[in-house]
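Here's entry-v9.cif, which has mmCIF, C-alpha atoms:
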```cif
data_entry
#
loop_
_atom_site.label_atom_id
_atom_site.label_comp_id
_atom_site.auth_asym_id
_atom_site.auth_seq_id
_atom_site.Cartn_x
_atom_site.Cartn_y
_atom_site.Cartn_z
CA MET I 1 0.00 0.00 0.00
CA LEU I 2 1.40 3.37 -1.04
CA ILE I 3 0.29 6.97 -0.67
CA LYS I 4 0.74 8.69 -4.00
CA GLN I 5 -0.60 12.18 -3.32
CA LEU I 6 -2.15 14.25 -0.56
CA SER I 7 -4.13 17.42 -1.33
CA LEU I 8 -5.33 19.83 1.35
CA HIS I 9 -7.59 22.87 1.29
CA HIS I 10 -7.82 24.89 4.53
CA PHE I 11 -6.97 21.80 6.61
CA LYS I 12 -5.53 22.90 9.98
CA ASN I 13 -2.83 25.49 9.22
CA ALA I 14 -2.47 24.54 5.54
CA ALA I 15 -3.97 26.87 2.93
CA GLU I 16 -3.56 24.93 -0.33
CA GLU I 17 -1.19 21.97 -0.57
CA THR I 18 -0.64 19.12 -3.01
CA LEU I 19 2.17 16.77 -2.05
CA THR I 20 3.48 13.72 -3.90
CA PHE I 21 5.16 10.83 -2.10
CA GLY I 22 7.52 8.09 -3.25
CA ASP I 23 8.14 4.46 -2.34
CA GLY I 24 10.28 3.73 0.71
CA VAL I 25 11.20 6.45 3.20
CA ASN I 26 9.62 9.90 2.87
CA VAL I 27 10.82 12.65 5.19
CA ILE I 28 8.82 15.68 6.34
CA CYS I 29 11.12 18.12 8.09
CA GLY I 30 10.76 21.53 9.67
CA GLU I 31 10.74 23.41 12.94
CA ASN I 32 8.43 22.51 15.80
CA ALA I 33 4.83 23.76 15.37
CA SER I 34 5.36 24.31 11.63
CA GLY I 35 2.59 21.89 10.61
CA LYS I 36 4.44 18.60 10.01
CA THR I 37 2.14 16.52 12.22
CA ASN I 38 -0.93 18.06 10.59
CA LEU I 39 0.04 16.29 7.36
CA LEU I 40 0.17 12.92 9.12
CA GLU I 41 -3.15 13.74 10.79
CA ALA I 42 -4.75 14.30 7.39
CA MET I 43 -3.39 11.01 6.02
CA PHE I 44 -4.41 8.93 9.02
CA PHE I 45 -7.92 10.36 8.96
CA PHE I 46 -8.61 8.13 5.96
CA ALA I 47 -7.55 5.03 7.90
CA ALA I 48 -9.52 5.78 11.06
CA GLY I 49 -12.32 8.13 10.03
CA LYS I 50 -11.24 10.60 12.70
CA SER I 51 -8.26 12.54 13.99
CA PHE I 52 -5.67 10.55 15.93
CA ARG I 53 -5.24 13.63 18.14
CA GLY I 54 -8.88 13.53 19.21
CA CYS I 55 -9.74 16.76 17.39
CA LYS I 56 -13.37 17.43 16.56
CA ASP I 57 -14.18 17.84 12.87
CA ARG I 58 -14.66 21.61 13.16
CA GLU I 59 -11.18 21.88 14.72
CA LEU I 60 -9.66 20.53 11.50
CA ILE I 61 -10.80 23.63 9.60
CA ARG I 62 -8.22 26.40 9.21
CA PHE I 63 -8.78 29.31 11.58
CA GLY I 64 -11.02 31.94 10.03
CA GLU I 65 -12.40 29.62 7.32
CA GLU I 66 -15.80 27.94 7.06
CA GLU I 67 -14.79 24.73 5.28
CA ALA I 68 -11.89 22.40 4.61
CA LYS I 69 -11.11 19.50 2.30
CA ALA I 70 -8.56 16.69 2.13
CA GLU I 71 -7.99 14.17 -0.66
CA LEU I 72 -5.76 11.11 -0.60
CA ARG I 73 -4.70 9.17 -3.68
CA PHE I 74 -3.14 5.81 -2.89
CA ALA I 75 -2.30 2.46 -4.47
CA ARG I 76 -3.32 -0.89 -3.01
CA GLY I 77 -3.78 -4.55 -3.84
CA ALA I 78 -1.37 -6.95 -5.52
CA GLU I 79 1.73 -5.01 -6.60
CA ASN I 80 -0.19 -1.81 -5.74
CA ALA I 81 -2.10 -2.10 -9.00
CA ILE I 82 -5.36 -0.54 -7.77
CA GLU I 83 -5.30 3.24 -7.49
CA THR I 84 -7.99 4.79 -5.30
CA LYS I 85 -8.95 8.33 -4.32
CA MET I 86 -10.68 9.17 -1.06
CA GLY I 87 -11.86 12.60 0.01
CA VAL I 88 -13.36 14.29 3.03
CA PHE I 89 -15.15 17.64 3.16
CA PHE I 90 -15.70 19.59 6.39
CA ARG I 91 -18.05 22.49 6.93
CA LYS I 92 -18.65 24.08 10.32
CA SER I 93 -22.42 24.00 9.99
CA GLN I 94 -22.70 20.46 8.56
CA LYS I 95 -21.60 16.90 9.13
CA ARG I 96 -18.46 15.85 7.30
CA GLN I 97 -18.81 14.16 3.93
CA ILE I 98 -16.51 11.27 3.02
CA SER I 99 -16.24 10.00 -0.54
CA VAL I 100 -14.53 7.19 -2.43
CA GLU I 101 -13.88 7.88 -6.10
CA GLY I 102 -16.27 10.81 -5.82
CA GLN I 103 -19.12 8.71 -4.45
CA PRO I 104 -20.36 9.57 -0.93
CA VAL I 105 -20.14 6.97 1.83
CA ARG I 106 -22.03 7.17 5.10
CA LYS I 107 -20.98 4.16 7.16
CA LEU I 108 -17.56 3.38 8.62
CA ALA I 109 -17.65 -0.15 7.24
CA GLU I 110 -17.90 1.26 3.70
CA TYR I 111 -14.39 2.70 3.81
CA LEU I 112 -12.56 1.34 6.86
CA GLY I 113 -9.80 -1.01 5.73
CA MET I 114 -9.62 0.50 2.25
CA PHE I 115 -6.63 2.60 3.27
CA ARG I 116 -4.58 1.18 6.15
CA ALA I 117 -1.90 2.95 8.16
CA VAL I 118 0.04 2.58 11.40
CA ILE I 119 0.60 5.83 13.29
CA PHE I 120 3.20 6.44 15.98
CA THR I 121 3.68 9.72 17.87
CA PRO I 122 5.43 10.49 21.17
CA ASP I 123 1.96 10.75 22.73
CA HIS I 124 1.45 7.04 22.14
CA LEU I 125 3.35 6.32 25.34
CA HIS I 126 -0.16 6.29 26.78
CA LEU I 127 -0.45 2.76 25.41
CA VAL I 128 1.79 1.74 28.30
CA LYS I 129 1.38 4.57 30.81
CA GLY I 130 -2.19 5.69 30.22
CA ALA I 131 -5.72 4.60 31.03
CA PRO I 132 -7.24 1.30 29.77
CA GLU I 133 -9.42 3.16 27.27
CA ASN I 134 -6.27 4.01 25.29
CA ARG I 135 -5.39 0.35 24.92
CA ARG I 136 -8.96 -0.62 24.03
CA HIS I 137 -9.03 2.09 21.36
CA PHE I 138 -5.73 0.84 19.95
CA LEU I 139 -7.05 -2.71 19.64
CA ASP I 140 -10.39 -1.69 18.17
CA LEU I 141 -8.86 0.55 15.51
CA ALA I 142 -6.26 -2.04 14.52
CA ILE I 143 -8.91 -4.76 14.23
CA CYS I 144 -11.26 -2.51 12.24
CA GLN I 145 -8.57 -1.81 9.63
CA SER I 146 -8.15 -5.53 8.93
CA PHE I 147 -11.76 -6.57 9.62
CA PRO I 148 -14.07 -3.60 8.84
CA ARG I 149 -17.20 -5.52 9.86
CA TYR I 150 -15.92 -5.54 13.44
CA ALA I 151 -16.84 -1.85 13.60
CA ALA I 152 -20.52 -2.78 13.45
CA SER I 153 -20.27 -4.82 16.66
CA VAL I 154 -18.43 -1.99 18.45
CA HIS I 155 -21.04 0.51 17.27
CA GLU I 156 -23.96 -1.73 18.25
CA TYR I 157 -22.54 -2.37 21.71
CA GLY I 158 -21.87 1.33 22.25
CA ARG I 159 -25.43 2.19 21.24
CA LEU I 160 -26.92 -0.40 23.63
CA LEU I 161 -24.59 0.68 26.44
CA GLN I 162 -25.70 4.28 26.05
CA GLN I 163 -29.36 3.26 26.23
CA LYS I 164 -28.76 1.03 29.25
CA ASN I 165 -26.97 3.84 31.08
CA ALA I 166 -29.85 6.19 30.36
CA LEU I 167 -32.24 3.61 31.84
CA LEU I 168 -30.06 3.08 34.92
CA LYS I 169 -29.95 6.82 35.63
CA GLY I 170 -33.72 6.98 35.99
CA GLU I 171 -35.75 6.09 39.06
CA ASN I 172 -36.77 2.43 39.48
CA PRO I 173 -35.27 1.07 36.22
CA ASP I 174 -37.41 -1.52 34.46
CA ARG I 175 -35.73 -4.86 35.23
CA HIS I 176 -37.41 -6.62 32.34
CA LEU I 177 -36.03 -4.02 29.93
CA LEU I 178 -32.59 -4.43 31.52
CA GLU I 179 -32.79 -8.16 30.79
CA VAL I 180 -33.57 -7.37 27.15
CA TYR I 181 -30.51 -5.10 26.98
CA HIS I 182 -28.36 -7.76 28.63
CA ASP I 183 -29.37 -10.43 26.12
CA ARG I 184 -28.56 -8.18 23.19
CA MET I 185 -25.42 -6.70 24.71
CA ALA I 186 -24.01 -10.13 25.51
CA ILE I 187 -23.98 -10.99 21.81
CA SER I 188 -21.96 -7.92 20.77
CA ALA I 189 -19.79 -8.12 23.90
CA ALA I 190 -18.77 -11.66 23.02
CA VAL I 191 -17.75 -10.64 19.48
CA ILE I 192 -15.72 -7.70 20.82
CA THR I 193 -13.85 -9.64 23.50
CA LEU I 194 -13.20 -12.62 21.24
CA ASN I 195 -11.74 -10.44 18.48
CA ARG I 196 -9.64 -8.40 20.89
CA PHE I 197 -8.33 -11.50 22.64
CA ARG I 198 -7.37 -13.28 19.41
CA TYR I 199 -5.84 -10.15 17.91
CA LEU I 200 -3.73 -9.55 21.02
CA GLU I 201 -2.50 -13.15 20.96
CA ASN I 202 -1.20 -12.68 17.43
CA LEU I 203 0.11 -9.19 18.15
CA ALA I 204 2.05 -10.46 21.15
CA ARG I 205 3.98 -12.97 19.05
CA GLU I 206 5.02 -10.28 16.56
CA ALA I 207 5.83 -7.71 19.27
CA GLN I 208 7.95 -10.17 21.27
CA ALA I 209 10.20 -10.76 18.28
CA VAL I 210 10.53 -7.02 17.57
CA GLN I 211 11.34 -6.12 21.19
CA LYS I 212 13.94 -8.86 21.44
CA GLU I 213 15.73 -7.75 18.26
CA MET I 214 15.48 -4.03 19.05
CA SER I 215 16.98 -4.52 22.53
CA ALA I 216 19.67 -6.97 21.34
CA GLY I 217 18.05 -9.70 23.42
CA ARG I 218 18.04 -7.76 26.70
CA GLU I 219 14.27 -7.32 26.94
CA THR I 220 11.31 -9.66 26.68
CA LEU I 221 7.82 -8.33 26.02
CA GLU I 222 4.54 -9.95 27.06
CA LEU I 223 0.93 -8.88 26.54
CA ARG I 224 -1.85 -10.23 28.77
CA TYR I 225 -5.52 -9.68 28.05
CA LEU I 226 -7.63 -8.67 31.05
CA SER I 227 -11.40 -9.03 31.11
CA GLN I 228 -14.07 -9.28 33.79
CA ILE I 229 -15.16 -12.68 32.51
CA GLY I 230 -11.64 -14.10 32.49
CA ALA I 231 -11.48 -14.68 28.72
CA LYS I 232 -9.02 -17.41 27.86
CA GLU I 233 -7.64 -19.23 24.85
CA GLY I 234 -10.00 -21.59 23.08
CA GLN I 235 -13.27 -20.02 24.20
CA THR I 236 -16.01 -19.68 21.59
CA ALA I 237 -18.28 -16.71 20.96
CA GLU I 238 -21.18 -18.67 22.46
CA GLU I 239 -19.26 -19.36 25.68
CA LEU I 240 -18.29 -15.71 25.99
CA ARG I 241 -21.88 -14.64 25.30
CA ASP I 242 -23.17 -16.88 28.10
CA ALA I 243 -20.45 -15.61 30.44
CA TYR I 244 -21.43 -12.00 29.79
CA ARG I 245 -25.11 -12.72 30.20
CA ALA I 246 -24.42 -14.37 33.58
CA LEU I 247 -22.20 -11.46 34.63
CA TYR I 248 -24.83 -8.87 33.73
CA GLU I 249 -27.57 -10.74 35.57
CA ALA I 250 -25.45 -11.28 38.68
CA ARG I 251 -24.51 -7.59 38.91
CA THR I 252 -27.86 -5.99 38.07
CA ASP I 253 -28.55 -4.86 41.64
CA MET I 254 -25.13 -3.27 41.93
CA GLU I 255 -25.54 -1.37 38.67
CA ILE I 256 -29.02 -0.15 39.67
CA LYS I 257 -27.61 1.08 42.97
CA ARG I 258 -24.72 2.89 41.25
CA GLY I 259 -26.88 4.21 38.40
CA THR I 260 -24.43 3.19 35.67
CA ALA I 261 -23.14 0.16 33.78
CA LEU I 262 -20.09 -1.28 35.52
CA PHE I 263 -19.48 -4.49 33.60
CA GLY I 264 -18.72 -5.46 30.03
CA PRO I 265 -15.99 -5.16 27.37
CA GLN I 266 -15.92 -1.40 27.93
CA LYS I 267 -13.84 -2.32 31.00
CA ASP I 268 -11.40 -4.67 29.21
CA ASP I 269 -7.67 -3.93 29.21
CA PHE I 270 -4.33 -5.55 28.49
CA ALA I 271 -1.12 -5.50 30.48
CA VAL I 272 2.30 -4.81 28.97
CA LEU I 273 5.14 -6.62 30.71
CA ILE I 274 8.86 -6.13 30.10
CA ASN I 275 11.11 -8.78 31.59
CA LYS I 276 8.10 -10.16 33.51
CA LYS I 277 7.35 -6.81 35.19
CA ASN I 278 4.46 -4.42 34.57
CA ALA I 279 5.92 -1.84 32.19
CA ARG I 280 3.64 0.93 33.47
CA LEU I 281 5.06 0.63 36.98
CA PHE I 282 8.59 -0.72 36.67
CA SER I 283 10.02 0.22 33.25
CA SER I 284 12.00 3.29 32.28
CA GLN I 285 10.57 5.77 29.79
CA GLY I 286 13.04 4.47 27.21
CA GLN I 287 11.81 0.92 27.71
CA GLN I 288 8.19 2.08 27.54
CA ARG I 289 8.86 3.92 24.28
CA SER I 290 10.52 0.81 22.83
CA ALA I 291 7.54 -1.30 23.89
CA VAL I 292 5.12 1.05 22.11
CA LEU I 293 7.30 0.98 18.99
CA ALA I 294 7.30 -2.80 19.16
CA LEU I 295 3.48 -2.78 19.35
CA LYS I 296 3.25 -0.46 16.35
CA LEU I 297 5.72 -2.39 14.22
CA ALA I 298 3.96 -5.59 15.20
CA GLU I 299 0.64 -4.03 14.18
CA GLY I 300 2.09 -3.47 10.70
CA GLU I 301 3.41 -7.01 10.45
CA LEU I 302 0.08 -8.45 11.56
CA SER I 303 -1.77 -6.26 9.06
CA LYS I 304 0.45 -7.67 6.32
CA ARG I 305 -0.28 -11.22 7.45
CA LEU I 306 -4.04 -10.64 7.63
CA THR I 307 -4.53 -8.57 4.47
CA GLY I 308 -1.62 -9.52 2.23
CA GLU I 309 0.01 -6.07 2.11
CA TYR I 310 1.79 -3.69 4.42
CA PRO I 311 0.04 -0.57 5.65
CA VAL I 312 1.70 2.83 5.35
CA PHE I 313 3.83 3.69 8.41
CA LEU I 314 3.39 7.25 9.72
CA LEU I 315 6.06 8.06 12.30
CA ASP I 316 5.96 11.42 14.03
CA ASP I 317 9.18 12.72 15.56
CA ILE I 318 10.49 9.40 16.86
CA LEU I 319 14.14 9.33 15.79
CA SER I 320 15.20 12.04 18.24
CA GLU I 321 13.91 9.94 21.15
CA LEU I 322 15.91 6.80 20.33
CA ASP I 323 19.56 5.84 20.71
CA ALA I 324 21.59 5.14 17.57
CA GLY I 325 21.10 1.37 17.77
CA ARG I 326 17.31 1.50 18.03
CA ARG I 327 17.14 4.24 15.40
CA GLY I 328 19.06 2.08 12.98
CA TYR I 329 16.88 -0.91 13.78
CA ILE I 330 13.68 1.03 13.09
CA LEU I 331 14.85 2.29 9.70
CA SER I 332 16.24 -1.07 8.59
CA HIS I 333 13.17 -2.94 9.83
CA LEU I 334 10.92 -0.73 7.72
CA SER I 335 12.70 -1.39 4.45
CA GLY I 336 10.42 -2.66 1.69
CA ARG I 337 7.41 -0.60 2.73
CA GLN I 338 6.34 3.04 2.61
CA VAL I 339 7.34 5.15 5.59
CA ILE I 340 6.48 8.81 6.12
CA LEU I 341 8.35 10.28 9.07
CA THR I 342 8.69 13.76 10.54
CA GLY I 343 11.39 15.47 12.54
CA CYS I 344 13.76 18.39 12.78
CA GLU I 345 16.48 18.58 10.16
CA PRO I 346 19.51 17.32 12.12
CA GLU I 347 17.79 14.09 13.14
CA LEU I 348 16.67 12.89 9.74
CA PRO I 349 18.33 10.21 7.61
CA GLU I 350 19.67 10.98 4.15
CA ALA I 351 20.38 7.51 2.80
CA GLY I 352 17.46 5.70 1.20
CA VAL I 353 15.14 8.71 1.26
CA SER I 354 12.87 8.80 -1.80
CA CYS I 355 11.20 12.13 -1.04
CA LYS I 356 11.96 15.04 1.27
CA ILE I 357 9.45 17.76 2.15
CA LEU I 358 10.16 20.96 4.06
CA VAL I 359 7.33 22.55 6.07
CA GLU I 360 7.54 26.21 7.10
CA HIS I 361 4.62 28.12 8.65
CA GLY I 362 2.10 25.61 7.30
CA GLU I 363 3.49 25.68 3.75
CA ALA I 364 5.09 22.50 2.41
CA LYS I 365 7.42 22.04 -0.55
CA THR I 366 9.49 19.19 -1.93
CA ILE I 367 13.24 19.76 -1.62
#
```

Please render this file's structure as structure tokens.
Amino acid sequence: MLIKQLSLHHFKNAAEETLTFGDGVNVICGENASGKTNLLEAMFFFAAGKSFRGCKDRELIRFGEEEAKAELRFARGAENAIETKMGVFFRKSQKRQISVEGQPVRKLAEYLGMFRAVIFTPDHLHLVKGAPENRRHFLDLAICQSFPRYAASVHEYGRLLQQKNALLKGENPDRHLLEVYHDRMAISAAVITLNRFRYLENLAREAQAVQKEMSAGRETLELRYLSQIGAKEGQTAEELRDAYRALYEARTDMEIKRGTALFGPQKDDFAVLINKKNARLFSSQGQQRSAVLALKLAEGELSKRLTGEYPVFLLDDILSELDAGRRGYILSHLSGRQVILTGCEPELPEAGVSCKILVEHGEAKTI
């Protein structure tokens, strides 16, 4: 999978930009706050359907403007033979409009997985250090890119959870209606936990190999899935469904008393262990950063195994945070796939670069 061209109109601090990218390593350089990360944000929007920074749609529109547009032209499929164009149009007073080859799409499943990318920024340390919701989001997005239909289960569960919480907040919630919610939620919950558990199993194998190589054998990496129903290897969707139904029924009184849903896959998490110790509590920041990089590189490898092609790797300002050995490993490990990385001039590689772009005050040009 290769990005061929990115065009922006009033997106963030960009006025009008059309940038062309090459195979292999592409470098976006410039001073801090010049707009480098905004370019990665625009690209990744087409993989996730939203900003990786958590920006609202209206915040993606250039200050003082009423609308913005981004278009991505990329190649995919066997030998990158299929060229596709996706676009998104933002207007402050309307919902965004996403299109594929000029035709509007309205559901995530209609375009998720069409363009796939792995994003890494310094903020992604929250995968180790942050709250469980960060790790759940990471898993869900990675799964959706390889299995777009998974998004429907996540959406359905979220919708039912919202309705259940509204019911629990009222006086004397209808227990019969809660049972109906529990039956329906258990089905989606089982699909979510099963997919997350299986994906993490496969991700762990890839990440273990990466961490071992990147640390010259000094560090081992383990990932352990954590769920309220004790999900374990070999369980079927039906077994997980029954386990969730039993959990919901057993904790109904507690949830009524608290006025909110306390149980379900919205509470799932996974632990990251380095050398058998919880990385959040006992690892250095350097080790945590390496673990996140291992997760991201493993995500790309797993995407290749599941879909038949590598995603695009978008790496934001990572080389300055790594020692020479790990920097060299990252660049050599990413050979044979498209990489778009950002950083300040002194930190960027020269060898093997197919395209170099300079960003100054929101304006980008190939150099």

What's the 10 Å shell around I:Ala33, counting all atoms listed in the file, without same-chain residues fewer than 4 positions away, as JSON, numbers by chain? {"I": [13, 37, 38, 359, 360, 361, 362]}

Hey, can you spit out that residue selection with C-alpha atoms as a compact mmCIF listing (two decimals), in the frame of the given file?
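Result file follows (again30.txt):
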```txt
# COMPACT_ATOMS: atom_id res chain seq x y z
CA ASN I 13 -2.83 25.49 9.22
CA THR I 37 2.14 16.52 12.22
CA ASN I 38 -0.93 18.06 10.59
CA VAL I 359 7.33 22.55 6.07
CA GLU I 360 7.54 26.21 7.10
CA HIS I 361 4.62 28.12 8.65
CA GLY I 362 2.10 25.61 7.30
```

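Evaluated against the shown file, the PyMOL selection byres ((chain I and resi 27) around 9) gives Val25, Asn26, Ile28, Cys29, Val339, Ile340, Leu341, Thr342, Gly343, Leu348, Pro349, Val353, Ser354, Cys355, Lys356, Ile357 and Leu358 of chain I.
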
Measuring atom to atom with only C-alpha atoms, identify which of I:Lys4, I:His9, I:Lys36, I:His333 is nearest to I:Arg76.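 When distances to I:Arg76 are compared using only C-alpha atoms, the smallest one comes from I:Lys4.
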
So what does the PyMOL selection byres ((chain I and resi 149) around 12) actually pick up in this one, as a compact mmCIF listing (two decimals) with C-alpha atoms, in the frame of the given file?
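Output below, filename selection_33.txt:
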```
# COMPACT_ATOMS: atom_id res chain seq x y z
CA LYS I 107 -20.98 4.16 7.16
CA LEU I 108 -17.56 3.38 8.62
CA ALA I 109 -17.65 -0.15 7.24
CA GLU I 110 -17.90 1.26 3.70
CA TYR I 111 -14.39 2.70 3.81
CA LEU I 112 -12.56 1.34 6.86
CA GLY I 113 -9.80 -1.01 5.73
CA ASP I 140 -10.39 -1.69 18.17
CA LEU I 141 -8.86 0.55 15.51
CA ILE I 143 -8.91 -4.76 14.23
CA CYS I 144 -11.26 -2.51 12.24
CA GLN I 145 -8.57 -1.81 9.63
CA SER I 146 -8.15 -5.53 8.93
CA PHE I 147 -11.76 -6.57 9.62
CA PRO I 148 -14.07 -3.60 8.84
CA TYR I 150 -15.92 -5.54 13.44
CA ALA I 151 -16.84 -1.85 13.60
CA ALA I 152 -20.52 -2.78 13.45
CA SER I 153 -20.27 -4.82 16.66
CA VAL I 154 -18.43 -1.99 18.45
CA HIS I 155 -21.04 0.51 17.27
CA GLU I 156 -23.96 -1.73 18.25
CA VAL I 191 -17.75 -10.64 19.48
CA ILE I 192 -15.72 -7.70 20.82
CA ASN I 195 -11.74 -10.44 18.48
```

Give me, please, the distance in Å between atom CA of I:Lys164 and atom CA of I:His182, quoted to one decimal. 8.8 Å

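Separating atom CA of I:Phe44 from atom CA of I:Ala117 is a distance of 6.5 Å.
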
By how many Å are atom CA of I:Gly87 and atom CA of I:Arg62 apart?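 Here the two named atoms are 17.0 Å from each other.
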
Result set of the PyMOL selection byres ((chain I and resi 69) around 7) on the coordinates above, as a PDB file with C-alpha atoms, in the coordinates of the input:
```pdb
ATOM      1  CA  LEU I   8      -5.330  19.830   1.350  1.00  0.00           C
ATOM      2  CA  HIS I   9      -7.590  22.870   1.290  1.00  0.00           C
ATOM      3  CA  HIS I  10      -7.820  24.890   4.530  1.00  0.00           C
ATOM      4  CA  PHE I  11      -6.970  21.800   6.610  1.00  0.00           C
ATOM      5  CA  ALA I  68     -11.890  22.400   4.610  1.00  0.00           C
ATOM      6  CA  ALA I  70      -8.560  16.690   2.130  1.00  0.00           C
ATOM      7  CA  GLU I  71      -7.990  14.170  -0.660  1.00  0.00           C
ATOM      8  CA  VAL I  88     -13.360  14.290   3.030  1.00  0.00           C
ATOM      9  CA  PHE I  89     -15.150  17.640   3.160  1.00  0.00           C
ATOM     10  CA  PHE I  90     -15.700  19.590   6.390  1.00  0.00           C
TER      11      PHE I  90
END
```

Using 12 Å as the limit and counting all atoms listed in the file, can you tabulate each residue of stretch 138-212 of chain I that touches stretch 273-286 of chain I, with its shortest atom-to-atom distance in Å and the two atoms involved, as a tab-separated table?
```
residue	atom	partner	partner_atom	distance
I:Ala204	CA	I:Leu273	CA	10.8
I:Ala207	CA	I:Ile274	CA	11.4
I:Gln208	CA	I:Ile274	CA	9.8
I:Gln211	CA	I:Ile274	CA	9.2
I:Lys212	CA	I:Ile274	CA	10.4
```

Output C-alpha atoms of each residue in that selection to a file, as a PDB file, in the coordinates of the input.
```
ATOM      1  CA  ALA I 204       2.050 -10.460  21.150  1.00  0.00           C
ATOM      2  CA  ALA I 207       5.830  -7.710  19.270  1.00  0.00           C
ATOM      3  CA  GLN I 208       7.950 -10.170  21.270  1.00  0.00           C
ATOM      4  CA  GLN I 211      11.340  -6.120  21.190  1.00  0.00           C
ATOM      5  CA  LYS I 212      13.940  -8.860  21.440  1.00  0.00           C
TER       6      LYS I 212
END
```

With 5 Å of padding per side, what axis-aligned box (centre and edge lengths, Å, one decimal) covers all the listed atoms of stretch 78-88 of chain I? Give it as AutoDock Vina command-line options.
```
--center_x -5.8 --center_y 3.7 --center_z -3.0 --size_x 25.1 --size_y 31.2 --size_z 22.0
```

Give me the residues within 10 Å of stretch 246-252 of chain I as a VMD selection string, counting all atoms listed in the file and dropping any in the same chain fewer than 3 places off. chain I and resid 168 175 178 to 179 181 to 183 185 to 186 228 to 229 240 to 243 255 to 258 261 to 264

Which polymer residues have any atom within 9 Å of an atom of I:His126, counting all atoms listed in the file, with same-chain residues fewer than 5 positions away left out, as a list in words? Ala131, Asn134, Arg135 and Val292 of chain I

Give me the residues within 7 Å of I:Thr18 as a VMD selection string, counting all atoms listed in the file and dropping any in the same chain fewer than 4 places off. chain I and resid 5 to 8

With distances taken over all atoms listed in the file, which of I:Leu226, I:Leu295, I:Met43, I:Ile82 is nearest to I:Met1?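 So, comparing all the options, the nearest one is I:Ile82.
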
Take the structure in the block and write a file for stretch 169-173 of chain I, all heavy atoms, as a PDB file, in the first residue's frame.
```pdb
ATOM      1  N   LYS I 169     -29.966   5.515  34.968  1.00  0.00           N
ATOM      2  CA  LYS I 169     -29.952   6.818  35.630  1.00  0.00           C
ATOM      3  C   LYS I 169     -31.348   7.256  36.108  1.00  0.00           C
ATOM      4  O   LYS I 169     -31.466   8.152  36.935  1.00  0.00           O
ATOM      5  CB  LYS I 169     -29.371   7.880  34.679  1.00  0.00           C
ATOM      6  CG  LYS I 169     -27.856   7.807  34.547  1.00  0.00           C
ATOM      7  CD  LYS I 169     -27.338   8.845  33.573  1.00  0.00           C
ATOM      8  CE  LYS I 169     -25.821   8.946  33.629  1.00  0.00           C
ATOM      9  NZ  LYS I 169     -25.146   7.684  33.309  1.00  0.00           N
ATOM     10  N   GLY I 170     -32.372   6.629  35.574  1.00  0.00           N
ATOM     11  CA  GLY I 170     -33.723   6.982  35.989  1.00  0.00           C
ATOM     12  C   GLY I 170     -34.109   6.307  37.298  1.00  0.00           C
ATOM     13  O   GLY I 170     -33.390   5.453  37.820  1.00  0.00           O
ATOM     14  N   GLU I 171     -35.261   6.693  37.821  1.00  0.00           N
ATOM     15  CA  GLU I 171     -35.751   6.090  39.057  1.00  0.00           C
ATOM     16  C   GLU I 171     -36.431   4.753  38.751  1.00  0.00           C
ATOM     17  O   GLU I 171     -37.162   4.619  37.777  1.00  0.00           O
ATOM     18  CB  GLU I 171     -36.745   7.027  39.746  1.00  0.00           C
ATOM     19  CG  GLU I 171     -36.117   8.321  40.259  1.00  0.00           C
ATOM     20  CD  GLU I 171     -37.111   9.151  41.037  1.00  0.00           C
ATOM     21  OE1 GLU I 171     -38.193   8.612  41.369  1.00  0.00           O
ATOM     22  OE2 GLU I 171     -36.810  10.327  41.313  1.00  0.00           O
ATOM     23  N   ASN I 172     -36.164   3.765  39.606  1.00  0.00           N
ATOM     24  CA  ASN I 172     -36.769   2.433  39.476  1.00  0.00           C
ATOM     25  C   ASN I 172     -36.653   1.880  38.055  1.00  0.00           C
ATOM     26  O   ASN I 172     -37.672   1.698  37.360  1.00  0.00           O
ATOM     27  CB  ASN I 172     -38.245   2.481  39.900  1.00  0.00           C
ATOM     28  CG  ASN I 172     -38.408   2.926  41.333  1.00  0.00           C
ATOM     29  OD1 ASN I 172     -37.669   2.495  42.218  1.00  0.00           O
ATOM     30  ND2 ASN I 172     -39.384   3.807  41.565  1.00  0.00           N
ATOM     31  N   PRO I 173     -35.448   1.604  37.574  1.00  0.00           N
ATOM     32  CA  PRO I 173     -35.272   1.073  36.218  1.00  0.00           C
ATOM     33  C   PRO I 173     -36.065  -0.216  36.008  1.00  0.00           C
ATOM     34  O   PRO I 173     -36.186  -1.051  36.916  1.00  0.00           O
ATOM     35  CB  PRO I 173     -33.758   0.790  36.153  1.00  0.00           C
ATOM     36  CG  PRO I 173     -33.161   1.675  37.194  1.00  0.00           C
ATOM     37  CD  PRO I 173     -34.169   1.764  38.291  1.00  0.00           C
TER      38      PRO I 173
END
```
